[in-house]
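Coordinates as given in work.txt (compact mmCIF, C-alpha atoms):
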# COMPACT_ATOMS: atom_id res chain seq x y z
CA MET A 321 8.28 -4.23 22.68
CA ALA A 322 7.08 -4.25 26.25
CA LYS A 323 3.43 -5.19 26.63
CA LYS A 324 1.17 -2.50 28.08
CA ILE A 325 -1.03 -3.35 31.04
CA LEU A 326 -3.76 -1.06 32.35
CA LEU A 327 -4.45 -1.42 36.06
CA ILE A 328 -7.86 -0.03 37.08
CA GLU A 329 -7.91 -0.10 40.87
CA ASP A 330 -8.96 2.45 43.50
CA GLU A 331 -6.66 1.30 46.30
CA ALA A 332 -3.46 3.33 46.23
CA ALA A 333 -1.51 0.65 48.12
CA LEU A 334 -2.49 -1.96 45.58
CA GLN A 335 -1.61 0.35 42.68
CA LYS A 336 1.84 0.63 44.23
CA THR A 337 2.46 -3.09 44.85
CA MET A 338 0.86 -4.40 41.64
CA GLY A 339 2.45 -1.59 39.64
CA ASP A 340 5.93 -2.39 40.98
CA ALA A 341 5.50 -6.12 40.43
CA LEU A 342 4.32 -5.62 36.84
CA GLY A 343 7.11 -3.13 36.16
CA ALA A 344 9.70 -5.54 37.53
CA SER A 345 8.37 -8.22 35.16
CA GLY A 346 9.02 -5.98 32.18
CA TYR A 347 5.54 -4.65 31.48
CA THR A 348 4.67 -1.03 30.85
CA VAL A 349 2.07 -0.13 33.47
CA LEU A 350 -0.78 2.35 33.04
CA GLN A 351 -2.65 3.21 36.21
CA ALA A 352 -6.21 4.43 36.79
CA LEU A 353 -7.69 5.08 40.23
CA ASP A 354 -11.30 4.88 39.10
CA GLY A 355 -13.49 3.35 36.42
CA GLU A 356 -13.99 6.51 34.40
CA ILE A 357 -10.28 7.28 34.01
CA GLY A 358 -9.70 3.58 33.34
CA LEU A 359 -12.16 3.59 30.46
CA ARG A 360 -10.61 6.73 28.98
CA LEU A 361 -7.09 5.23 29.18
CA ALA A 362 -8.32 1.96 27.64
CA LEU A 363 -9.53 3.93 24.61
CA SER A 364 -6.59 6.29 24.22
CA GLU A 365 -3.69 4.01 25.15
CA LYS A 366 -4.83 0.68 23.64
CA PRO A 367 -3.28 -1.55 26.33
CA ASP A 368 -2.60 -5.27 25.70
CA LEU A 369 -4.46 -6.32 28.84
CA ILE A 370 -6.62 -4.78 31.55
CA LEU A 371 -6.65 -5.68 35.23
CA LEU A 372 -10.00 -4.54 36.59
CA ASP A 373 -11.25 -4.09 40.14
CA LEU A 374 -15.03 -4.23 40.69
CA ILE A 375 -15.93 -1.85 43.52
CA MET A 376 -14.72 1.59 42.51
CA PRO A 377 -15.91 5.19 42.56
CA HIS A 378 -17.41 6.93 39.50
CA LYS A 379 -17.86 3.73 37.49
CA THR A 380 -17.92 0.19 38.84
CA GLY A 381 -15.87 -2.56 37.27
CA PHE A 382 -19.02 -4.12 35.81
CA GLU A 383 -19.92 -0.86 34.05
CA VAL A 384 -16.37 -0.54 32.70
CA LEU A 385 -16.40 -4.15 31.49
CA THR A 386 -19.76 -3.74 29.73
CA GLU A 387 -18.67 -0.52 28.02
CA LEU A 388 -15.37 -2.06 26.90
CA LYS A 389 -17.17 -5.01 25.36
CA GLN A 390 -19.75 -2.80 23.62
CA ASN A 391 -17.10 -0.67 21.93
CA PRO A 392 -15.67 -2.28 18.75
CA ALA A 393 -12.30 -0.58 19.49
CA THR A 394 -11.91 -2.41 22.80
CA GLU A 395 -14.15 -5.47 22.57
CA ASN A 396 -11.24 -7.87 21.97
CA LEU A 397 -9.06 -6.55 24.79
CA PRO A 398 -8.48 -9.28 27.39
CA VAL A 399 -9.79 -8.22 30.81
CA ILE A 400 -8.86 -9.97 34.06
CA VAL A 401 -11.19 -9.15 36.94
CA LEU A 402 -9.13 -8.72 40.09
CA THR A 403 -11.31 -8.22 43.15
CA ASN A 404 -11.98 -9.32 46.68
CA LEU A 405 -15.66 -9.79 46.00
CA GLU A 406 -16.24 -13.52 46.08
CA SER A 407 -19.69 -14.72 45.17
CA MET A 408 -20.94 -17.08 42.48
CA ASP A 409 -23.29 -14.36 41.19
CA ASN A 410 -20.47 -11.89 40.60
CA ILE A 411 -18.16 -14.49 39.06
CA GLU A 412 -20.88 -15.62 36.64
CA LYS A 413 -21.81 -12.02 35.84
CA ALA A 414 -18.20 -11.01 35.12
CA LEU A 415 -17.46 -14.05 32.95
CA ALA A 416 -20.74 -13.61 31.06
CA ALA A 417 -19.81 -9.96 30.44
CA GLY A 418 -16.61 -11.14 28.75
CA ALA A 419 -13.86 -11.24 31.40
CA VAL A 420 -11.05 -13.73 30.63
CA THR A 421 -10.82 -14.82 34.23
CA TYR A 422 -11.90 -13.81 37.72
CA LEU A 423 -9.30 -13.69 40.49
CA VAL A 424 -9.97 -13.11 44.18
CA LYS A 425 -6.97 -10.98 45.16
CA ALA A 426 -6.47 -12.23 48.68
CA ASN A 427 -6.28 -15.84 47.45
CA TYR A 428 -3.30 -15.32 45.14
CA SER A 429 0.30 -14.27 45.51
CA LEU A 430 1.71 -11.62 43.20
CA GLN A 431 3.60 -14.38 41.39
CA ASP A 432 0.35 -16.32 40.77
CA ILE A 433 -1.25 -13.20 39.31
CA LEU A 434 1.75 -12.55 37.06
CA THR A 435 1.48 -16.12 35.76
CA LYS A 436 -2.23 -15.63 35.00
CA ILE A 437 -1.40 -12.42 33.12
CA GLU A 438 1.26 -14.22 31.09
CA GLN A 439 -1.23 -16.95 30.17
CA ALA A 440 -3.85 -14.43 29.14
CA LEU A 441 -1.34 -12.58 26.93
CA LYS A 442 -0.29 -15.72 25.01
CA PRO A 443 -1.61 -15.56 21.46
CA MET B 254 -33.64 -17.42 26.76
CA LEU B 255 -33.31 -15.12 29.73
CA GLU B 256 -36.94 -14.03 29.49
CA LYS B 257 -38.17 -17.61 29.51
CA ARG B 258 -36.12 -18.28 32.64
CA THR B 259 -37.57 -15.23 34.39
CA ILE B 260 -41.12 -16.31 33.59
CA ILE B 261 -40.47 -19.80 34.97
CA GLN B 262 -38.96 -18.24 38.09
CA GLN B 263 -41.99 -16.05 38.55
CA ILE B 264 -44.55 -18.83 38.36
CA ASN B 265 -42.47 -21.25 40.43
CA PRO B 266 -43.78 -20.67 43.97
CA ILE B 267 -40.70 -22.08 45.69
CA TYR B 268 -38.17 -20.09 43.62
CA PRO B 269 -37.75 -17.42 46.37
CA CYS B 270 -36.51 -20.22 48.68
CA ARG B 271 -33.15 -20.01 46.90
CA LYS B 272 -32.49 -16.48 48.07
CA TYR B 273 -32.90 -17.43 51.75
CA GLU B 274 -30.26 -20.16 51.43
CA VAL B 275 -32.09 -22.45 53.85
CA SER B 276 -33.42 -26.00 53.35
CA LEU B 277 -36.81 -26.42 51.70
CA TRP B 278 -38.49 -27.29 55.01
CA GLN B 279 -37.37 -23.98 56.52
CA CYS B 280 -38.44 -21.92 53.55
CA PRO B 281 -41.58 -19.86 54.25
CA GLN B 282 -42.92 -20.06 50.68
CA PHE B 283 -42.64 -23.83 50.60
CA LEU B 284 -44.21 -24.13 54.07
CA PHE B 285 -47.04 -21.90 52.90
CA LEU B 286 -47.84 -24.36 50.09
CA ILE B 287 -47.74 -27.35 52.46
CA MET B 288 -49.90 -25.50 55.01
CA GLY B 289 -52.41 -24.64 52.28
CA GLY B 290 -52.71 -28.37 51.50
CA ILE B 291 -53.17 -29.20 55.19
CA ILE B 292 -55.87 -26.53 55.59
CA ILE B 293 -57.84 -27.82 52.61
CA GLY B 294 -57.44 -31.40 53.93
CA ALA B 295 -58.57 -30.36 57.41
CA ILE B 296 -61.64 -28.57 56.03
CA ILE B 297 -62.69 -31.57 53.91
CA ALA B 298 -62.09 -34.01 56.80
CA ALA B 299 -64.04 -31.76 59.18
CA TRP B 300 -66.95 -31.66 56.73
CA PHE B 301 -67.04 -35.48 56.31
CA VAL B 302 -66.78 -36.19 60.04
CA ALA B 303 -69.25 -33.49 61.05
CA SER B 304 -71.87 -34.34 58.41
CA ALA B 305 -71.74 -38.05 59.38
CA LYS B 306 -72.35 -37.29 63.08
CA ILE B 307 -74.52 -34.16 62.98
CA SER B 308 -77.69 -33.68 61.00
CA ASP B 309 -78.12 -29.89 61.37
CA PRO B 310 -76.35 -28.33 58.33
CA ALA B 311 -75.90 -25.00 60.16
CA ILE B 312 -73.81 -26.67 62.90
CA VAL B 313 -71.81 -28.65 60.29
CA THR B 314 -70.97 -25.39 58.50
CA LEU B 315 -70.00 -23.77 61.79
CA ILE B 316 -67.64 -26.65 62.70
CA VAL B 317 -66.05 -26.60 59.22
CA LEU B 318 -65.60 -22.82 59.49
CA ILE B 319 -64.01 -23.07 62.96
CA VAL B 320 -61.60 -25.85 61.82
CA GLY B 321 -60.71 -23.86 58.70
CA ALA B 322 -60.10 -20.61 60.60
CA THR B 323 -58.06 -22.29 63.36
CA SER B 324 -55.75 -24.06 60.91
CA LEU B 325 -55.37 -20.83 58.94
CA ILE B 326 -54.26 -18.92 62.07
CA ILE B 327 -51.85 -21.70 63.15
CA SER B 328 -50.29 -21.89 59.69
CA PHE B 329 -49.97 -18.11 59.54
CA ILE B 330 -48.06 -18.07 62.85
CA ILE B 331 -45.76 -20.91 61.78
CA THR B 332 -45.05 -19.45 58.35
CA SER B 333 -44.34 -15.94 59.61
CA SER B 334 -41.98 -17.15 62.34
CA PHE B 335 -40.08 -19.13 59.71
CA GLU B 336 -40.08 -16.05 57.48
CA ARG B 337 -38.28 -14.11 60.24
CA LEU B 338 -35.81 -16.96 60.76
CA ALA B 339 -35.10 -17.22 57.05
CA ALA B 340 -34.59 -13.45 56.74
CA ALA B 341 -32.21 -13.48 59.73
CA SER B 342 -30.26 -16.32 58.18
CA ARG B 343 -29.97 -14.42 54.90
CA LEU B 344 -28.80 -11.27 56.71
CA LYS B 345 -26.16 -13.31 58.50
CA THR B 346 -24.87 -14.71 55.22
CA GLU B 347 -24.76 -11.20 53.70
CA PHE B 348 -22.99 -9.86 56.80
CA ILE B 349 -20.28 -12.52 56.60
CA GLY B 350 -19.86 -11.77 52.88
CA ILE B 351 -19.36 -8.04 53.51
CA VAL B 352 -17.04 -8.53 56.48
CA SER B 353 -14.81 -10.96 54.62
CA HIS B 354 -14.61 -8.53 51.71
CA GLN B 355 -13.68 -5.69 54.08
CA LEU B 356 -10.97 -7.78 55.76
CA ARG B 357 -9.60 -9.05 52.49
CA ALA B 358 -8.77 -5.58 51.17
CA PRO B 359 -6.09 -4.83 53.82
CA LEU B 360 -5.06 -8.49 53.83
CA THR B 361 -4.27 -8.28 50.10
CA ASN B 362 -2.15 -5.20 50.71
CA LEU B 363 -0.19 -7.01 53.42
CA ARG B 364 0.28 -10.05 51.25
CA PHE B 365 1.44 -8.21 48.14
CA SER B 366 3.82 -5.94 50.08
CA LEU B 367 5.37 -8.97 51.76
CA ASP B 368 5.63 -10.72 48.38
CA LEU B 369 7.59 -7.75 47.06
CA LEU B 370 9.79 -7.39 50.14
CA LEU B 371 10.68 -11.07 50.00
CA SER B 372 11.08 -11.37 46.23
CA GLU B 373 14.65 -11.14 45.00
CA ASN B 374 14.13 -9.68 41.59
CA THR B 375 12.35 -6.47 42.50
CA GLU B 376 14.76 -3.57 42.32
CA GLN B 377 12.32 -1.23 43.98
CA ALA B 378 12.05 -3.37 47.12
CA LYS B 379 15.81 -3.36 47.56
CA ARG B 380 16.27 0.32 46.83
CA ASP B 381 13.41 1.72 48.86
CA PRO B 382 11.61 -0.83 51.03
CA LYS B 383 10.17 1.83 53.33
CA GLU B 384 7.06 2.39 51.23
CA TYR B 385 6.14 -1.28 51.62
CA PHE B 386 6.61 -1.07 55.37
CA VAL B 387 4.29 1.92 55.46
CA ILE B 388 1.68 -0.14 53.59
CA LEU B 389 2.14 -2.94 56.13
CA GLN B 390 1.73 -0.50 59.01
CA GLU B 391 -1.36 1.26 57.63
CA ASN B 392 -3.14 -1.93 56.69
CA THR B 393 -2.52 -3.73 59.96
CA LYS B 394 -4.03 -0.67 61.63
CA ARG B 395 -6.98 -0.75 59.23
CA MET B 396 -7.69 -4.40 60.07
CA GLY B 397 -7.46 -3.61 63.78
CA VAL B 398 -9.99 -0.77 63.48
CA LEU B 399 -12.39 -2.96 61.53
CA ILE B 400 -12.20 -5.75 64.10
CA ASP B 401 -12.69 -3.25 66.97
CA ASN B 402 -15.75 -1.87 65.21
CA LEU B 403 -17.20 -5.31 64.62
CA LEU B 404 -16.73 -6.28 68.26
CA THR B 405 -18.34 -3.02 69.41
CA ILE B 406 -21.31 -3.69 67.14
CA SER B 407 -21.67 -7.25 68.36
CA LYS B 408 -21.63 -6.08 72.00
CA LEU B 409 -24.03 -3.21 71.24
CA GLU B 410 -26.48 -5.50 69.48
CA SER B 411 -26.45 -8.13 72.19
CA GLY B 412 -26.74 -5.45 74.91
CA GLN B 413 -23.53 -6.56 76.59
CA LEU B 414 -21.65 -3.31 76.50
CA PRO B 415 -21.08 -1.95 80.01
CA LEU B 416 -21.47 1.85 80.19
CA ASP B 417 -19.59 3.82 82.81
CA LYS B 418 -21.83 6.91 83.03
CA LYS B 419 -20.56 10.16 84.49
CA LEU B 420 -21.67 13.78 84.44
CA VAL B 421 -19.76 15.47 81.64
CA SER B 422 -19.71 18.98 80.21
CA LEU B 423 -20.44 18.66 76.49
CA THR B 424 -18.78 22.03 75.89
CA GLU B 425 -15.52 20.89 77.48
CA ALA B 426 -15.58 17.57 75.64
CA VAL B 427 -16.13 19.32 72.30
CA SER B 428 -13.41 21.94 72.84
CA SER B 429 -10.79 19.39 73.85
CA LEU B 430 -11.63 17.11 70.87
CA THR B 431 -11.66 20.07 68.48
CA ALA B 432 -8.17 20.95 69.68
CA LYS B 433 -7.04 17.38 69.07
CA SER B 434 -8.48 17.45 65.53
CA GLN B 435 -6.74 20.73 64.62
CA PRO B 436 -3.67 19.15 62.97
CA PHE B 437 -5.87 16.93 60.74
CA ALA B 438 -8.12 19.91 59.96
CA MET B 439 -5.15 22.11 59.09
CA ALA B 440 -3.64 19.44 56.88
CA SER B 441 -7.00 19.19 55.09
CA GLN B 442 -7.22 23.01 54.87
CA VAL B 443 -10.41 23.12 56.87
CA ARG B 444 -11.21 25.73 59.55
CA ILE B 445 -13.12 24.74 62.66
CA ILE B 446 -15.19 27.43 64.37
CA THR B 447 -16.84 26.71 67.71
CA ASN B 448 -19.65 28.56 69.39
CA PHE B 449 -20.81 27.55 72.87
CA GLN B 450 -23.83 28.87 74.77
CA PRO B 451 -22.66 29.82 78.29
CA ASP B 452 -24.03 28.29 81.53
CA LEU B 453 -25.00 24.96 80.06
CA GLY B 454 -25.62 22.01 82.40
CA LYS B 455 -23.96 18.62 82.06
CA VAL B 456 -24.97 15.38 80.36
CA LEU B 457 -24.92 11.89 81.88
CA VAL B 458 -22.83 9.76 79.51
CA ASP B 459 -19.93 7.35 79.29
CA PRO B 460 -17.10 9.83 78.54
CA PHE B 461 -15.14 7.30 76.49
CA TRP B 462 -18.03 6.70 74.11
CA LEU B 463 -19.01 10.38 74.00
CA ASP B 464 -15.47 11.11 72.76
CA GLN B 465 -15.78 8.37 70.14
CA ILE B 466 -19.10 9.81 68.91
CA ILE B 467 -17.85 13.40 68.64
CA THR B 468 -14.52 12.32 67.11
CA ASN B 469 -16.32 10.24 64.51
CA LEU B 470 -18.65 13.10 63.48
CA LEU B 471 -15.79 15.62 63.46
CA ASP B 472 -13.58 13.26 61.50
CA ASN B 473 -16.28 12.73 58.87
CA ALA B 474 -16.86 16.50 58.64
CA ILE B 475 -13.15 17.13 58.00
CA ARG B 476 -12.65 14.13 55.74
CA TYR B 477 -15.58 14.92 53.47
CA SER B 478 -15.01 18.69 53.36
CA HIS B 479 -13.58 20.25 50.25
CA GLY B 480 -10.24 21.86 51.04
CA ASN B 481 -10.64 25.47 52.29
CA GLY B 482 -14.00 24.62 53.82
CA GLN B 483 -15.29 25.60 57.22
CA ILE B 484 -16.83 23.52 59.98
CA ASP B 485 -19.15 25.26 62.47
CA ILE B 486 -19.74 23.56 65.79
CA ASN B 487 -22.47 24.85 68.08
CA VAL B 488 -23.42 23.64 71.52
CA GLN B 489 -26.68 25.10 72.82
CA ARG B 490 -29.71 24.45 75.01
CA LYS B 491 -32.88 23.26 73.32
CA GLY B 492 -35.78 22.64 75.68
CA LYS B 493 -34.68 20.01 78.19
CA ASN B 494 -31.77 18.89 76.02
CA ILE B 495 -28.33 20.05 75.03
CA LEU B 496 -27.96 20.15 71.28
CA LEU B 497 -24.68 19.72 69.41
CA VAL B 498 -24.60 20.90 65.80
CA ILE B 499 -21.72 20.09 63.43
CA LYS B 500 -22.09 21.83 60.09
CA ASP B 501 -19.70 21.21 57.21
CA GLN B 502 -19.44 22.52 53.64
CA GLY B 503 -18.42 19.17 52.25
CA VAL B 504 -19.55 16.74 49.58
CA GLY B 505 -22.98 16.19 51.17
CA ILE B 506 -25.16 13.11 50.95
CA PRO B 507 -27.30 12.60 47.81
CA LYS B 508 -31.01 12.65 48.61
CA GLU B 509 -31.73 9.09 47.48
CA GLU B 510 -29.04 7.79 49.85
CA GLN B 511 -30.03 9.75 52.94
CA LYS B 512 -32.33 7.08 54.34
CA PHE B 513 -29.51 4.51 54.41
CA ILE B 514 -26.87 6.66 56.08
CA PHE B 515 -27.13 5.08 59.54
CA GLU B 516 -27.23 1.53 58.19
CA LYS B 517 -24.47 -0.97 58.78
CA PHE B 518 -21.82 -1.00 56.00
CA PHE B 519 -23.60 1.66 53.95
CA ARG B 520 -21.32 4.17 52.24
CA SER B 521 -22.58 7.05 50.17
CA ALA B 522 -21.44 7.39 46.56
CA ASN B 523 -20.17 10.88 47.40
CA ALA B 524 -18.14 9.47 50.29
CA LEU B 525 -16.68 6.80 48.01
CA LYS B 526 -15.54 9.44 45.54
CA GLN B 527 -13.54 11.16 48.26
CA GLN B 528 -12.05 8.26 50.08
CA THR B 529 -12.57 4.60 49.63
CA ASP B 530 -11.19 2.80 52.66
CA GLY B 531 -13.95 3.57 55.19
CA SER B 532 -15.85 0.63 56.63
CA GLY B 533 -19.38 2.06 56.65
CA LEU B 534 -19.67 1.27 60.35
CA GLY B 535 -18.94 4.64 61.99
CA LEU B 536 -22.35 6.31 61.79
CA TYR B 537 -24.14 3.06 62.62
CA ILE B 538 -22.16 2.83 65.87
CA VAL B 539 -22.64 6.55 66.60
CA LYS B 540 -26.42 6.28 66.29
CA LYS B 541 -26.66 3.16 68.44
CA PHE B 542 -24.60 4.81 71.18
CA ILE B 543 -26.48 8.09 71.22
CA GLU B 544 -29.71 6.15 71.55
CA LEU B 545 -28.21 4.02 74.31
CA LEU B 546 -27.25 7.21 76.14
CA GLY B 547 -30.84 8.45 75.86
CA GLY B 548 -30.22 10.92 73.05
CA LYS B 549 -31.21 11.44 69.43
CA ILE B 550 -29.25 12.04 66.23
CA TRP B 551 -30.38 13.36 62.86
CA PHE B 552 -28.99 15.35 59.95
CA ARG B 553 -29.75 17.63 57.02
CA SER B 554 -27.72 17.42 53.87
CA ILE B 555 -27.60 18.78 50.35
CA ALA B 556 -25.36 16.99 47.86
CA ASP B 557 -22.23 19.05 47.01
CA LYS B 558 -23.25 21.78 49.52
CA GLY B 559 -22.65 20.14 52.87
CA THR B 560 -24.08 18.21 55.77
CA THR B 561 -25.22 19.24 59.25
CA PHE B 562 -25.37 16.62 61.97
CA TYR B 563 -27.41 17.29 65.11
CA PHE B 564 -27.43 15.30 68.27
CA SER B 565 -29.16 15.99 71.52
CA LEU B 566 -28.72 14.58 75.02
CA PRO B 567 -30.85 15.28 78.10
CA GLU B 568 -29.43 18.15 80.19
CA VAL B 569 -28.66 17.50 83.87
CA LYS B 570 -28.59 20.74 85.87
Write the structure described by the file as structure tokens, please.
Amino acid sequence: MAKKILLIEDEAALQKTMGDALGASGYTVLQALDGEIGLRLALSEKPDLILLDLIMPHKTGFEVLTELKQNPATENLPVIVLTNLESMDNIEKALAAGAVTYLVKANYSLQDILTKIEQALKP
Amino acid sequence: MLEKRTIIQQINPIYPCRKYEVSLWQCPQFLFLIMGGIIIGAIIAAWFVASAKISDPAIVTLIVLIVGATSLIISFIITSSFERLAAASRLKTEFIGIVSHQLRAPLTNLRFSLDLLLSENTEQAKRDPKEYFVILQENTKRMGVLIDNLLTISKLESGQLPLDKKLVSLTEAVSSLTAKSQPFAMASQVRIITNFQPDLGKVLVDPFWLDQIITNLLDNAIRYSHGNGQIDINVQRKGKNILLVIKDQGVGIPKEEQKFIFEKFFRSANALKQQTDGSGLGLYIVKKFIELLGGKIWFRSIADKGTTFYFSLPEVK
């Protein structure tokens, strides 16, 4: 069965490109344009992996990550932080909060990101 | 663990040096410690020297006091000038961090769209590539606007922006810009209503920048209005000035954020909810320009009810 990936990202253009790339690689894509909707979908849809932006309206990525890790239903869900915010503080904070990895969007091609997703999904 | 670390940080006098990201010798807190040592040394040395040469204890005390006070003043001047330097250096680092983040967002969109257009296994790209081209077009434009804004700010801050001042009718400027904004307003289901006091004098401004200021305020009013809202624009005389009032019924600015609204890169949470690709530079530039043109800008706002911007420029009759 196709793996489900939840993409929490407020940029419509990025939802389109990432969504198409994930779809073309055979994943089922769930999309959320802000943190609050993202959190709701994470609970109701039980995705296999979450791609999470940090700066978003309603709830920031950090808040979403903390809430996911506090909830027993979602604490084991792998979360990849996908942002353009590059600072040691943020990277440390995200990894300490339980993110699998931290990717600076502009530094990777879509193919690189797909490879990272594949690695994170391996049992 | 974390608590222990915080306590150590609090009693370590040179811990704040880390936040300035400068070398130890440029860090005000560290310099303060060194200066303290020098002052104590100077006072002790002054006492030894003075008491060996002078027998009157009152004069010895006076000399020690003068040496102590002088070194205190010198060290205060040195430390505070380094404090300013260190703060400026930190601001610069923060500024570069924010700008690179702002440029990376459109850059990522360009990169991913190109990846898809060039990849051979994406059906979507072959079937309907136009959407990716639209992303390319919008994001190149977005980068251009950001760079223009940054250059304007840099020129404004260094005082190198030449102004070509002319006598302009504020009423005419507002009515022509309102007409230009009509399509955007209609698409956003917002009505614009203008009200001009007759027989107003002119204002002495650079017409290009006056247009930019009004367009920016009008654009914000439309953008952050709820659909079906109304924008009232008034131009009237107030004392020796001409006052422009732009009142919207939009999302408003939460009270705790109002003091930051004219700051560089600041974006209100309510603005973020509506639209997330602004740069946070518009109002900063608007304020700088109005002040440069000899005017004033201020606003009143209630969250979820709307915002009214006021700006005044001296009237020339």
Requested in this report: Rank A:Leu397, A:Ile433, A:Ala440, A:Val420 by their smallest atom-to-atom distance to Asp368 of chain A, using all atoms listed in the file, and report the top residue only.
Outcome: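 With all atoms listed in the file as the atom set, the closest residue is A:Leu397.
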Query raised in the report: In terms of the shortest atom-to-atom distance over only C-alpha atoms, which of A:Leu350, A:Asn404, A:Pro398, A:Ser345 is closest to Pro443 of chain A?
Result: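 The shortest atom-to-atom distance to Pro443 of chain A comes from A:Pro398.
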Requested in this report: Excluding segment 539-546 of chain B and residues on its chain fewer than 5 positions from it, collect all residues at most 8 Å away from it, counting all atoms listed in the file, and give them as number ranges by chain.
Outcome: B: 409, 457-459, 462, 465-466, 469, 515, 564, 566
Report task. Identify, on the basis of all atoms listed in the file, every residue whose closest approach to segment 440-452 of chain B does not exceed 7 Å; exclude the query and any residue fewer than 6 positions from it along the same chain; express the result as a PyMOL selection string. Result -> chain B and resi 424+475+480-489
**Report entry** Pairwise distance for atom CA of Glu568 of chain B and atom CA of Leu453 of chain B, rounded to one decimal in Å
**Finding:** 8.1 Å
**Report entry** Point-to-point distance from atom CA of Leu369 of chain A to atom CA of Ala419 of chain A, Å rounded to tenths
**Finding:**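 Interatomic distance, atom CA of Leu369 of chain A to atom CA of Ala419 of chain A: 10.9 Å.
Pairwise distance (atom CA of Gly321 of chain B, atom CA of Arg337 of chain B) equals 24.5 Å.
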Requested in this report: Measuring atom to atom with all atoms listed in the file, identify which of A:Ala426, A:Leu359, A:Leu402, A:Ile370 is nearest to Leu327 of chain A.
Outcome: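 Ranking A:Ala426, A:Leu359, A:Leu402, A:Ile370 by distance to Leu327 of chain A, first place goes to A:Ile370.
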